[in-house]
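Here's my_file-v7.tsv, which has TSV, C-alpha atoms:
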chain	number	residue	atom	x	y	z
A	46	MET	CA	-7.12	-17.88	-11.74
A	47	THR	CA	-6.04	-19.25	-8.37
A	48	LEU	CA	-3.89	-17.34	-5.90
A	49	ASP	CA	-1.02	-19.75	-6.62
A	50	ASP	CA	-1.37	-18.95	-10.33
A	51	VAL	CA	-1.13	-15.23	-9.61
A	52	LEU	CA	1.96	-15.64	-7.47
A	53	ALA	CA	3.63	-17.78	-10.13
A	54	ARG	CA	2.88	-15.29	-12.91
A	55	ILE	CA	4.28	-12.18	-11.22
A	56	GLU	CA	7.58	-11.34	-12.90
A	57	PRO	CA	10.47	-9.22	-11.65
A	58	VAL	CA	10.78	-5.68	-12.98
A	59	ASP	CA	12.81	-5.47	-16.23
A	60	PRO	CA	16.53	-4.91	-15.49
A	61	GLY	CA	17.29	-4.20	-19.15
A	62	ALA	CA	14.80	-1.35	-19.29
A	63	GLN	CA	16.22	0.00	-16.05
A	64	ARG	CA	19.75	0.00	-17.47
A	65	ALA	CA	18.55	1.85	-20.57
A	66	ALA	CA	16.69	4.36	-18.40
A	67	ARG	CA	19.75	4.95	-16.24
A	68	LEU	CA	21.84	5.63	-19.35
A	69	ARG	CA	19.21	8.02	-20.67
A	70	GLN	CA	19.14	9.84	-17.34
A	71	GLU	CA	22.88	10.47	-17.71
A	72	ARG	CA	22.31	12.08	-21.12
A	73	LEU	CA	19.47	14.43	-20.22
A	74	THR	CA	20.02	18.19	-20.06
A	75	LYS	CA	20.85	18.41	-16.38
A	76	PRO	CA	23.75	17.53	-14.11
A	77	PRO	CA	23.71	13.79	-13.34
A	78	GLY	CA	21.74	13.09	-10.19
A	79	SER	CA	20.40	16.63	-9.95
A	80	LEU	CA	16.78	15.45	-9.79
A	81	GLY	CA	17.67	13.29	-6.82
A	82	ARG	CA	15.22	10.55	-5.95
A	83	LEU	CA	13.01	11.42	-8.89
A	84	GLU	CA	15.71	9.84	-11.04
A	85	GLU	CA	15.66	6.66	-8.95
A	86	LEU	CA	11.88	6.62	-9.21
A	87	SER	CA	11.95	7.04	-12.99
A	88	ILE	CA	14.33	4.09	-13.33
A	89	GLN	CA	11.98	1.98	-11.22
A	90	LEU	CA	9.11	3.00	-13.51
A	91	ALA	CA	11.13	1.96	-16.55
A	92	GLY	CA	11.56	-1.50	-15.06
A	93	ILE	CA	7.87	-1.77	-14.25
A	94	PHE	CA	6.67	-0.71	-17.70
A	95	GLN	CA	9.55	-2.36	-19.61
A	96	THR	CA	10.56	0.79	-21.45
A	97	GLU	CA	13.23	3.45	-20.99
A	98	ARG	CA	10.58	6.14	-21.66
A	99	PRO	CA	7.62	5.34	-19.39
A	100	THR	CA	4.39	7.31	-19.49
A	101	ILE	CA	1.54	7.51	-17.00
A	102	ARG	CA	-1.97	7.43	-18.43
A	103	GLY	CA	-4.40	7.04	-15.55
A	104	LYS	CA	-4.33	6.92	-11.74
A	105	ALA	CA	-6.60	5.08	-9.32
A	106	ILE	CA	-6.94	4.65	-5.57
A	107	ILE	CA	-8.70	1.66	-4.03
A	108	VAL	CA	-9.95	2.33	-0.50
A	109	ALA	CA	-11.02	-0.79	1.40
A	110	ALA	CA	-12.96	-0.53	4.66
A	111	ALA	CA	-13.67	-3.15	7.33
A	112	ASP	CA	-14.20	-3.55	11.05
A	113	HIS	CA	-12.13	-5.38	13.64
A	114	GLY	CA	-13.37	-7.50	16.53
A	115	VAL	CA	-10.35	-6.50	18.60
A	116	VAL	CA	-11.97	-3.10	19.30
A	117	ALA	CA	-13.82	-4.95	22.09
A	118	GLN	CA	-10.51	-4.78	23.96
A	119	GLY	CA	-10.59	-0.97	24.14
A	120	VAL	CA	-7.67	-0.33	21.78
A	121	THR	CA	-9.09	2.76	20.09
A	122	GLY	CA	-10.63	6.05	21.08
A	123	TYR	CA	-13.29	5.92	18.36
A	124	PRO	CA	-16.47	3.80	18.35
A	125	GLN	CA	-16.76	1.09	15.73
A	126	GLU	CA	-19.64	2.80	13.94
A	127	VAL	CA	-17.19	5.42	12.66
A	128	THR	CA	-16.10	2.92	10.00
A	129	GLU	CA	-19.61	2.80	8.55
A	130	GLN	CA	-20.03	6.57	8.85
A	131	MET	CA	-16.76	7.25	7.05
A	132	VAL	CA	-17.62	4.88	4.21
A	133	LEU	CA	-20.84	6.83	3.72
A	134	ASN	CA	-18.75	10.00	3.76
A	135	PHE	CA	-16.49	8.53	1.06
A	136	LEU	CA	-19.52	7.72	-1.07
A	137	ALA	CA	-20.89	11.25	-0.56
A	138	GLY	CA	-17.57	12.76	-1.62
A	139	GLY	CA	-16.87	14.56	1.64
A	140	ALA	CA	-13.71	12.95	3.03
A	141	ALA	CA	-10.08	14.00	2.69
A	142	ILE	CA	-9.41	11.25	0.18
A	143	ASN	CA	-12.27	12.48	-2.01
A	144	VAL	CA	-10.92	16.02	-2.00
A	145	MET	CA	-7.36	14.96	-2.76
A	146	ALA	CA	-8.36	12.46	-5.43
A	147	ARG	CA	-10.49	15.05	-7.22
A	148	ALA	CA	-7.69	17.59	-7.10
A	149	ALA	CA	-5.18	15.10	-8.50
A	150	GLY	CA	-7.45	13.52	-11.12
A	151	VAL	CA	-7.36	10.12	-9.41
A	152	GLY	CA	-10.22	7.66	-9.82
A	153	LEU	CA	-11.59	6.40	-6.50
A	154	THR	CA	-12.98	2.95	-5.79
A	155	VAL	CA	-14.57	2.34	-2.38
A	156	VAL	CA	-14.76	-1.26	-1.12
A	157	ASP	CA	-16.85	-2.64	1.73
A	158	ALA	CA	-14.48	-5.43	2.71
A	159	GLY	CA	-16.37	-6.28	5.88
A	160	VAL	CA	-17.91	-3.30	7.65
A	161	ALA	CA	-19.83	-4.42	10.75
A	162	ALA	CA	-23.01	-2.47	9.92
A	163	PRO	CA	-24.81	-3.27	6.67
A	164	LEU	CA	-24.35	-0.46	4.17
A	165	PRO	CA	-27.00	0.69	1.69
A	166	GLU	CA	-26.53	-0.23	-1.93
A	167	HIS	CA	-24.63	2.42	-3.83
A	168	PRO	CA	-23.35	2.47	-7.43
A	169	GLY	CA	-19.93	3.59	-6.19
A	170	LEU	CA	-19.52	0.82	-3.61
A	171	ARG	CA	-17.90	-2.56	-4.26
A	172	VAL	CA	-18.67	-5.31	-1.75
A	173	VAL	CA	-16.57	-8.26	-0.66
A	174	ASP	CA	-18.98	-10.54	1.15
A	175	VAL	CA	-16.73	-12.31	3.65
A	176	GLY	CA	-18.23	-11.23	6.97
A	177	ARG	CA	-19.31	-8.29	9.13
A	178	GLY	CA	-15.97	-7.53	10.70
A	179	THR	CA	-13.30	-9.87	11.95
A	180	ALA	CA	-13.41	-11.82	15.19
A	181	ASP	CA	-11.52	-10.62	18.27
A	182	MET	CA	-7.97	-11.82	17.61
A	183	THR	CA	-7.21	-12.00	21.33
A	184	GLN	CA	-9.68	-14.89	21.54
A	185	GLY	CA	-8.57	-16.79	18.43
A	186	PRO	CA	-8.02	-16.21	14.70
A	187	ALA	CA	-9.40	-12.98	13.27
A	188	MET	CA	-10.77	-14.91	10.29
A	189	SER	CA	-10.58	-18.27	8.58
A	190	ARG	CA	-7.89	-18.95	6.01
A	191	GLU	CA	-10.65	-19.23	3.41
A	192	GLN	CA	-11.89	-15.72	4.26
A	193	ALA	CA	-8.34	-14.39	4.05
A	194	GLU	CA	-7.81	-15.90	0.63
A	195	GLU	CA	-11.13	-14.57	-0.60
A	196	CYS	CA	-10.14	-11.04	0.44
A	197	VAL	CA	-6.80	-11.31	-1.33
A	198	ARG	CA	-8.40	-12.64	-4.50
A	199	ALA	CA	-10.91	-9.79	-4.45
A	200	GLY	CA	-8.11	-7.25	-4.17
A	201	ILE	CA	-6.31	-8.83	-7.12
A	202	THR	CA	-9.51	-8.48	-9.15
A	203	PHE	CA	-9.92	-4.82	-8.22
A	204	ALA	CA	-6.34	-4.04	-9.24
A	205	LEU	CA	-6.66	-5.89	-12.55
A	206	GLU	CA	-9.89	-4.02	-13.28
A	207	ALA	CA	-8.23	-0.69	-12.52
A	208	ALA	CA	-5.36	-1.56	-14.86
A	209	GLU	CA	-7.77	-2.64	-17.60
A	210	ASN	CA	-9.59	0.69	-17.20
A	211	GLY	CA	-6.39	2.60	-17.88
A	212	ALA	CA	-4.74	3.09	-14.49
A	213	ASP	CA	-0.97	2.84	-14.64
A	214	VAL	CA	-0.65	3.87	-10.99
A	215	ILE	CA	-2.81	2.13	-8.38
A	216	GLY	CA	-2.90	3.29	-4.77
A	217	ALA	CA	-3.96	1.35	-1.68
A	218	GLY	CA	-6.03	3.13	0.97
A	219	GLU	CA	-8.03	1.92	3.95
A	220	MET	CA	-10.54	2.71	6.65
A	221	GLY	CA	-11.25	0.61	9.73
A	222	ILE	CA	-11.48	1.38	13.42
A	223	GLY	CA	-8.95	-0.86	15.17
A	224	ASN	CA	-6.84	-1.61	12.13
A	225	THR	CA	-3.59	-0.20	13.50
A	226	THR	CA	-3.77	-2.90	16.17
A	227	ALA	CA	-3.97	-5.59	13.49
A	228	SER	CA	-1.19	-3.86	11.56
A	229	SER	CA	1.02	-3.86	14.66
A	230	ALA	CA	0.53	-7.60	15.06
A	231	ILE	CA	1.24	-8.26	11.38
A	232	THR	CA	4.36	-6.11	11.43
A	233	ALA	CA	5.70	-7.71	14.59
A	234	THR	CA	5.22	-11.18	13.14
A	235	LEU	CA	6.68	-10.57	9.69
A	236	THR	CA	9.61	-8.40	10.76
A	237	GLY	CA	10.49	-10.22	13.98
A	238	ARG	CA	10.33	-7.02	15.99
A	239	PRO	CA	8.58	-6.96	19.40
A	240	PRO	CA	5.08	-5.49	19.73
A	241	ASN	CA	6.30	-2.66	21.93
A	242	GLU	CA	8.23	-1.38	18.89
A	243	THR	CA	5.54	-1.95	16.26
A	244	THR	CA	2.50	-0.83	18.24
A	245	SER	CA	1.46	2.76	17.74
A	246	ARG	CA	-0.68	5.29	19.51
A	247	GLY	CA	-3.22	5.15	16.70
A	248	THR	CA	-6.08	7.51	17.51
A	249	GLY	CA	-4.33	9.63	20.12
A	250	ARG	CA	-3.66	7.08	22.87
A	251	ASP	CA	-1.88	8.24	26.06
A	252	GLU	CA	0.95	6.25	27.65
A	253	GLN	CA	-1.32	4.03	29.72
A	254	GLU	CA	-3.61	3.33	26.78
A	255	LEU	CA	-0.60	2.61	24.56
A	256	ALA	CA	0.68	0.07	27.10
A	257	HIS	CA	-2.74	-1.60	27.09
A	258	LYS	CA	-2.82	-1.69	23.28
A	259	THR	CA	0.65	-3.25	23.22
A	260	ALA	CA	-0.48	-5.89	25.71
A	261	VAL	CA	-3.47	-6.66	23.48
A	262	VAL	CA	-1.16	-7.23	20.50
A	263	GLU	CA	1.10	-9.43	22.61
A	264	ARG	CA	-1.90	-11.48	23.75
A	265	ALA	CA	-3.15	-11.90	20.18
A	266	LEU	CA	0.25	-13.18	19.08
A	267	GLU	CA	0.49	-15.55	22.04
A	268	VAL	CA	-3.00	-16.94	21.46
A	269	ASN	CA	-2.65	-17.39	17.70
A	270	ARG	CA	1.08	-17.92	17.11
A	271	PRO	CA	0.97	-16.86	13.44
A	272	GLY	CA	3.73	-18.37	11.32
A	273	PRO	CA	6.05	-15.68	9.89
A	274	ALA	CA	6.88	-17.87	6.89
A	275	ASP	CA	3.21	-18.03	5.85
A	276	GLY	CA	1.64	-14.68	4.96
A	277	MET	CA	-1.84	-16.14	4.67
A	278	ASP	CA	-1.54	-17.61	8.16
A	279	VAL	CA	-0.53	-14.20	9.50
A	280	LEU	CA	-3.38	-12.47	7.69
A	281	SER	CA	-5.99	-14.96	8.87
A	282	LYS	CA	-4.90	-14.99	12.49
A	283	VAL	CA	-4.15	-11.33	13.25
A	284	GLY	CA	-5.15	-9.37	10.13
A	285	GLY	CA	-8.19	-7.62	8.80
A	286	PHE	CA	-10.47	-8.03	5.81
A	287	GLU	CA	-9.44	-4.67	4.34
A	288	ILE	CA	-5.77	-5.54	4.85
A	289	GLY	CA	-6.30	-8.72	2.88
A	290	VAL	CA	-7.97	-6.81	0.06
A	291	LEU	CA	-5.08	-4.35	-0.12
A	292	ALA	CA	-2.53	-7.17	-0.10
A	293	GLY	CA	-4.40	-8.45	-3.14
A	294	VAL	CA	-4.29	-4.99	-4.72
A	295	ALA	CA	-0.49	-5.07	-4.42
A	296	LEU	CA	-0.32	-8.53	-5.96
A	297	GLY	CA	-2.75	-7.66	-8.75
A	298	GLY	CA	-0.91	-4.45	-9.53
A	299	ALA	CA	2.37	-6.34	-9.83
A	300	LEU	CA	0.73	-8.99	-12.01
A	301	ALA	CA	-0.53	-6.25	-14.35
A	302	ARG	CA	2.89	-4.52	-14.32
A	303	ARG	CA	1.51	-1.34	-12.77
A	304	VAL	CA	2.90	0.96	-10.09
A	305	VAL	CA	1.48	0.12	-6.65
A	306	VAL	CA	1.50	3.03	-4.19
A	307	LEU	CA	1.30	2.23	-0.50
A	308	ASP	CA	-0.14	4.79	1.89
A	309	GLY	CA	0.54	4.64	5.65
A	310	PHE	CA	0.96	2.00	8.32
A	311	VAL	CA	-2.10	-0.14	7.56
A	312	SER	CA	-1.57	-0.05	3.81
A	313	THR	CA	2.06	-0.99	4.36
A	314	ALA	CA	1.08	-3.89	6.62
A	315	ALA	CA	-0.92	-5.13	3.65
A	316	GLY	CA	2.21	-4.66	1.56
A	317	LEU	CA	4.10	-6.83	4.06
A	318	ILE	CA	1.55	-9.61	3.53
A	319	ALA	CA	1.95	-9.32	-0.25
A	320	HIS	CA	5.75	-9.25	0.09
A	321	SER	CA	5.70	-12.38	2.24
A	322	LEU	CA	3.66	-14.17	-0.41
A	323	CYS	CA	5.76	-12.90	-3.34
A	324	PRO	CA	8.90	-10.83	-2.65
A	325	LYS	CA	9.03	-9.72	-6.32
A	326	VAL	CA	6.05	-7.47	-5.58
A	327	THR	CA	8.23	-4.85	-3.94
A	328	GLY	CA	9.81	-3.98	-7.28
A	329	TYR	CA	6.44	-2.55	-8.26
A	330	VAL	CA	5.81	-0.74	-4.97
A	331	VAL	CA	6.35	2.92	-4.18
A	332	ALA	CA	6.19	3.98	-0.53
A	333	SER	CA	4.37	7.29	-0.54
A	334	HIS	CA	5.14	8.78	2.84
A	335	LEU	CA	6.39	8.09	6.34
A	336	SER	CA	3.62	7.98	8.89
A	337	VAL	CA	4.18	9.06	12.48
A	338	GLU	CA	3.29	5.48	13.47
A	339	PRO	CA	6.56	3.81	14.57
A	340	GLY	CA	5.63	0.45	13.07
A	341	HIS	CA	5.40	2.04	9.65
A	342	ARG	CA	9.13	2.71	9.46
A	343	ILE	CA	9.86	-0.84	10.62
A	344	ALA	CA	7.61	-2.34	7.93
A	345	LEU	CA	9.10	-0.17	5.19
A	346	GLU	CA	12.67	-0.97	6.20
A	347	HIS	CA	11.88	-4.69	6.20
A	348	MET	CA	10.85	-4.44	2.54
A	349	GLY	CA	13.73	-2.14	1.61
A	350	LEU	CA	11.39	0.75	0.77
A	351	ARG	CA	12.11	4.46	1.26
A	352	PRO	CA	9.13	6.81	1.55
A	353	LEU	CA	9.10	9.84	-0.74
A	354	LEU	CA	7.42	12.24	1.69
A	355	ASP	CA	7.51	12.91	5.41
A	356	LEU	CA	4.59	15.19	6.24
A	357	GLU	CA	3.76	13.80	9.69
A	358	MET	CA	0.51	12.38	8.30
A	359	ARG	CA	-1.46	9.58	9.96
A	360	LEU	CA	-4.93	9.78	8.46
A	361	GLY	CA	-4.91	6.81	6.13
A	362	GLU	CA	-7.65	6.59	3.48
A	363	GLY	CA	-4.94	6.61	0.79
A	364	THR	CA	-4.27	10.33	1.22
A	365	GLY	CA	-0.48	10.00	1.18
A	366	ALA	CA	-0.63	7.69	-1.82
A	367	VAL	CA	-2.62	10.22	-3.85
A	368	LEU	CA	-0.22	13.04	-2.97
A	369	VAL	CA	2.73	11.06	-4.35
A	370	MET	CA	1.08	10.22	-7.66
A	371	SER	CA	2.00	13.64	-9.05
A	372	LEU	CA	5.65	12.92	-8.23
A	373	ILE	CA	5.39	9.63	-10.08
A	374	GLU	CA	3.98	11.42	-13.10
A	375	ALA	CA	6.74	14.04	-12.94
A	376	ALA	CA	9.46	11.39	-12.69
A	377	ALA	CA	8.12	9.55	-15.73
A	378	ALA	CA	7.70	12.77	-17.74
A	379	CYS	CA	11.21	14.01	-17.04
A	380	LEU	CA	12.77	10.72	-18.12
A	381	SER	CA	10.59	10.39	-21.21
A	382	GLU	CA	10.21	13.97	-22.43
A	383	MET	CA	13.31	15.90	-21.39
A	384	ALA	CA	15.78	16.50	-24.22
A	385	THR	CA	19.23	14.97	-24.21
A	386	PHE	CA	22.30	17.20	-24.57
A	387	ALA	CA	22.62	16.21	-28.23
A	388	GLU	CA	18.94	16.80	-29.01
A	389	ALA	CA	18.98	20.23	-27.40
A	390	GLY	CA	22.37	21.29	-28.74
A	391	VAL	CA	23.59	21.97	-25.22
A	392	SER	CA	27.29	21.67	-24.44
A	393	GLY	CA	28.45	19.47	-21.61
A	394	GLY	CA	27.02	16.07	-22.39
A	395	GLU	CA	28.57	15.25	-25.77
A	396	SER	CA	31.22	12.91	-24.46
A	397	GLU	CA	28.70	10.94	-22.46
A	398	GLU	CA	26.41	10.61	-25.51
A	399	ALA	CA	29.33	9.53	-27.70
A	400	GLU	CA	30.10	6.72	-25.31

Here is the file; what I need is its structure written in the form of structure tokens.
Amino acid sequence: MTLDDVLARIEPVDPGAQRAARLRQERLTKPPGSLGRLEELSIQLAGIFQTERPTIRGKAIIVAAADHGVVAQGVTGYPQEVTEQMVLNFLAGGAAINVMARAAGVGLTVVDAGVAAPLPEHPGLRVVDVGRGTADMTQGPAMSREQAEECVRAGITFALEAAENGADVIGAGEMGIGNTTASSAITATLTGRPPNETTSRGTGRDEQELAHKTAVVERALEVNRPGPADGMDVLSKVGGFEIGVLAGVALGGALARRVVVLDGFVSTAAGLIAHSLCPKVTGYVVASHLSVEPGHRIALEHMGLRPLLDLEMRLGEGTGAVLVMSLIEAAAACLSEMATFAEAGVSGGESEEAE
């Protein structure tokens, strides 16, 4: 299946199922609207799964890791080898995402989308063989268009596999030293906001270092001039391999009619790429939390997404996405399993049911 085939086959969420879910919400044994945004979330789930009583079977998180050539410009306080070291930590089960995924019963898939250092073979590691890190985007395109498309197609495959293995909720997580710089450039291009608004401190930058990082993003955009109407052009010129994979995860999740949960700034930049390729994707997307990165809010607002949590997190790895999966389960369960006024014999909702 080509990328064009995937984009053509993604359907909008089901408005009929959403109307039925909204009516059911009004008849449940509670004051209307009393569950707040959980009710909105449950109606979104109904549209995704095409039923007024959605259920969640399995949950998965796909964590893609890759390196970025732009780190040569001094945009981060961590050395590039941390990407490799953290992937090994993921595989050993010792990172925050491992702990949270185990606690929440979420299956974890780790993807080497282009880590600079060769990683040892491991049964828990999936490999996308596109290159050992992107090129320095201040000197030219981060990758070729062919590499970008290969990453996106790989992400689609991972999402479809997760769905086939029983995951109804699929999260997108990442790891990559330098990837907030790429995300800043993507967000500036696709939202039309200037880099000084989309560029973040990342790994604890001070004011002078932040100004330098912003200048690096501005230079990358000037050198490459990515076209905001072409998501693949943006990805190839100023993106990252792991961002491409996660854009594919969003597309594949929508194709399979599954819930796609975005994590923080980098994951959401991938969501922006997917949205630019197919705006219908956002009907399947849940924004897990609001990162402290300023570009994250800008990216979410551009897609019309409201995060469910605000915990001042900025770790990445998919940690925020995993935290929200329990809320998704609760929203589905309340809509599907709570009794109506008539079923429970509770006064107060009879007139609404009669209508």

Closest contacts (stretch 161-217 of chain A/stretch 362-366 of chain A, max 12 Å, only C-alpha atoms) as JSON lines:
{"residue": "A:Val214", "atom": "CA", "partner": "A:Ala366", "partner_atom": "CA", "distance": 9.9}
{"residue": "A:Ile215", "atom": "CA", "partner": "A:Ala366", "partner_atom": "CA", "distance": 8.9}
{"residue": "A:Gly216", "atom": "CA", "partner": "A:Ala366", "partner_atom": "CA", "distance": 5.8}
{"residue": "A:Ala217", "atom": "CA", "partner": "A:Gly363", "partner_atom": "CA", "distance": 5.9}

Of A:Ala193, A:Val156, A:Ala292, A:Val120, the one sitting nearest A:Gln253 when using all atoms listed in the file is A:Val120

Residues of stretch 159-209 of chain A at most 12 Å from stretch 230-245 of chain A: nearest atom pair and distance in Å, only C-alpha atoms, as a tab-separated table:
residue	atom	partner	partner_atom	distance
A:Met182	CA	A:Ala230	CA	9.8
A:Thr183	CA	A:Ala230	CA	10.9
A:Ala187	CA	A:Ala230	CA	11.4

Those residues you just picked out, can you put them in a file as a PDB file, in the frame of the given file with C-alpha atoms?
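Just written: selection24.pdb:
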ATOM      1  CA  MET A 182      -7.970 -11.820  17.610  1.00  0.00           C
ATOM      2  CA  THR A 183      -7.210 -12.000  21.330  1.00  0.00           C
ATOM      3  CA  ALA A 187      -9.400 -12.980  13.270  1.00  0.00           C
TER       4      ALA A 187
END

Can you tell me, as a ChimeraX atom specification, what residues are no more than 12 Å from A:Gln130 when counting all atoms listed in the file, ignoring any on the same chain fewer than 3 positions away? /A:110-112,123-127,133-137,139-140,160-165,220-222

Would you compute the distance between atom CA of A:Asn224 and atom CA of A:Phe203? Give it in Å to one decimal.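 Those two atoms sit 20.8 Å apart.
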
- Task: Kindly give the distance, in Å, that separates atom CA of A:Ala91 and atom CA of A:Leu354, rounded to a single decimal.
- Result: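 Interatomic distance, atom CA of A:Ala91 to atom CA of A:Leu354: 21.3 Å.
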
Practice task
In Å, rounded to a single decimal, give me how far atom CA of A:Glu206 is from atom CA of A:Ile88.
Solution key: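 For atom CA of A:Ile88 relative to atom CA of A:Glu206, the distance reads 25.5 Å.
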
Among A:Ser79, A:Ser336, A:Gln192, A:Asn210, A:Ser281 is approached most closely, using only C-alpha atoms, by A:Gln192

Item to complete: Considering all atoms listed in the file, state which residue in the set A:Val155, A:Val172, A:Ala207, A:Leu280 is at the smallest distance from A:Glu191.
Response: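 Closest residue, counting all atoms listed in the file: A:Leu280.
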
Selected residue, from A:Leu80, A:Leu73, A:Gly223, A:Ala295, that lies nearest to A:Leu322 when counting all atoms listed in the file |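 Distance minimum relative to A:Leu322 lands on A:Ala295.
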
- Identify which of the residues A:Val173, A:Leu353, A:Ala376, A:Leu86 lies closest to A:Ala332, counting all atoms listed in the file when measuring atom-to-atom distances.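 Smallest distance to A:Ala332 is found for A:Leu353.
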
Using only C-alpha atoms, can you tell me which of A:His341, A:Arg270, A:Lys282, A:Arg198 comes closest to A:Leu48?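 Looking only at the distances to A:Leu48, the closest residue turns out to be A:Arg198.
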
Give me, as a PyMOL selection string, all polymer residues having an atom no more than 10 Å from A:Leu345, counting all atoms listed in the file and skipping those fewer than 3 positions away in the same chain. chain A and resi 232+236+307+309-310+313-314+316-317+332+335+340-342+348-352
